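Shown next, in structure tokens, is the structure this report addresses.
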Amino acid sequence: TRLHLTRLTLSLGALLGAATLTSAQARTLAEIKASGTLKIGTNAEFKPFTYFEGNTMKGFEYDLGNAIAKQMGVKAEWINQPFDNLLIGLNQNRFDLVISSHGITPERARAVDFSLPHYCSGGVILSRPGGPKTAADLKGKTVSTQVGTTYVDQIKKVTGDRNLRLFPNNSGALQALMSGRVDAMVNEKFYSLEALKLNGKKLQQGEMLFQEKLGMAVAKGNKTLLGAVNASLKTVQANGTYAKISRSHFGQDVRCR
Ligand code: ARG
């Protein structure tokens, strides 16, 4: 427990440190518009949110980010990074905006500023047939997930630190489940549905462990950009663009109600 706490404190410290040192240099809305491109950071191995098909990025958040950029009168330039680097990279001004299914949490909101939620969802349990399906079943079982995600704390709550297995990528966490190295995986509901679709009878979906609101992030204090992102999100949600994009990826409208 002590080891994990130290690590958590360090990474949060790094985030806050980066915020204090560099947020003054974040590009303003005027600078972004003058350059003609909005740089968006994401971890594109998260189907159906952002992912690659060959060399082409696709997904719900990819389409939504492009629609928001268009609404702002600029072109989106997407930058693929490990999930764990995204908020730090944002505060180092490697991109203007992060769209990568970040749950809006108080800890993260100390380091970056979040937009209005761009969708609502939650974390679900995945296992092999006969494996754990409920939070109670997870007790004492090994569980995989991606490092730096909100799923980490939820897993710790139900099965404890020493049963947690962290992977840099979701594909590693899923592979660990498929090959029997862990008893279960916790991940985003729609990511898990994709895994189920691909792996047929080898996997089953259990209950939803928790719900969260997902938001886009800008560097701490970048008010002009945040204002434009929120206004653009509201516009595409009101004019039918959002509903169309959402239905094309999920068969339903995933906005928060
Ligand atoms: N919703 C989770 C979180 O907020 C997981 C997000 C993972 N996103 C990704 N692109 N891999 O931490």
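Going through the structure tokens in order, the chains are called A, B, and so on, while each chain numbers its residues from 1 and the ligands are numbered from 1 in the order shown.
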
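For ligand 1, the set of protein, DNA and RNA residues within 8 Å, based on only C-alpha atoms and all ligand atoms, reads Thr42, Asn43, Ala44, Glu45, Phe46, Phe49, Thr50, Pro82, Phe83, Ile99, Ser100, Ser101, His102, Gly103, Ile104, Gly122, Gly123, Gln146, Gly148, Thr149, Thr150, Tyr151, Asn169, Asn170, Asn187, Glu188, Glu212 and Leu214 of chain A.
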
If you count only C-alpha atoms, which residues fall within 9 Å of Lys223 of chain A, apart from same-chain ones fewer than 5 positions away, as a list in words?
->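 Once the nearby chain positions are removed, what remains is Thr28, Leu29, Asp113, Val218 and Ala228 of chain A.
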
Go through A:Arg94, A:Thr142, A:Asn66, A:Arg255 and flag the residue nearest Lys234 of chain A, using only C-alpha atoms for the distances.
->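 Among the listed residues, A:Arg255 lies closest to Lys234 of chain A.
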
DSSP on the backbone, then: every residue of segment 72-228 of chain A marked strand (DSSP E), written as a PyMOL selection string.
-> chain A and resi 75-80+97-103+112-127+143-146+164-167+184-188+204-219

Would you list the contacts of segment 190-196 of chain A as a PyMOL selection string, taking every protein, DNA or RNA residue within 7 Å and counting only C-alpha atoms, but skipping same-chain residues closer than 2 positions in sequence?
-> chain A and resi 46-48+126+187-188+198-200+203-204

Of the listed residues A:Lys58, A:Lys33, A:Val112, A:Gly41, that which approaches His249 of chain A most closely, counting only C-alpha atoms =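 Of A:Lys58, A:Lys33, A:Val112, A:Gly41, the one nearest His249 of chain A, counting only C-alpha atoms, is A:Lys58.
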
Of the candidates A:Met208, A:Gly131, A:Asn222, A:Gln154, which shows the shortest atom-to-atom distance to Leu177 of chain A, using only C-alpha atoms?
-> A:Gly131

Selection near Phe250 of chain A, 9 Å with only C-alpha atoms, sequence-local residues under 3 positions removed, as a PyMOL selection string | chain A and resi 48+60+190+245-247+253-254

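Taking atom CA of Ala219 of chain A and atom CA of Ser115 of chain A as endpoints, the distance between them is 11.0 Å.
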
Which distance in Å separates atom CA of Ala111 of chain A and atom CA of Lys220 of chain A, to one decimal?
->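 Rounded to one decimal, the two atoms are 6.3 Å apart.
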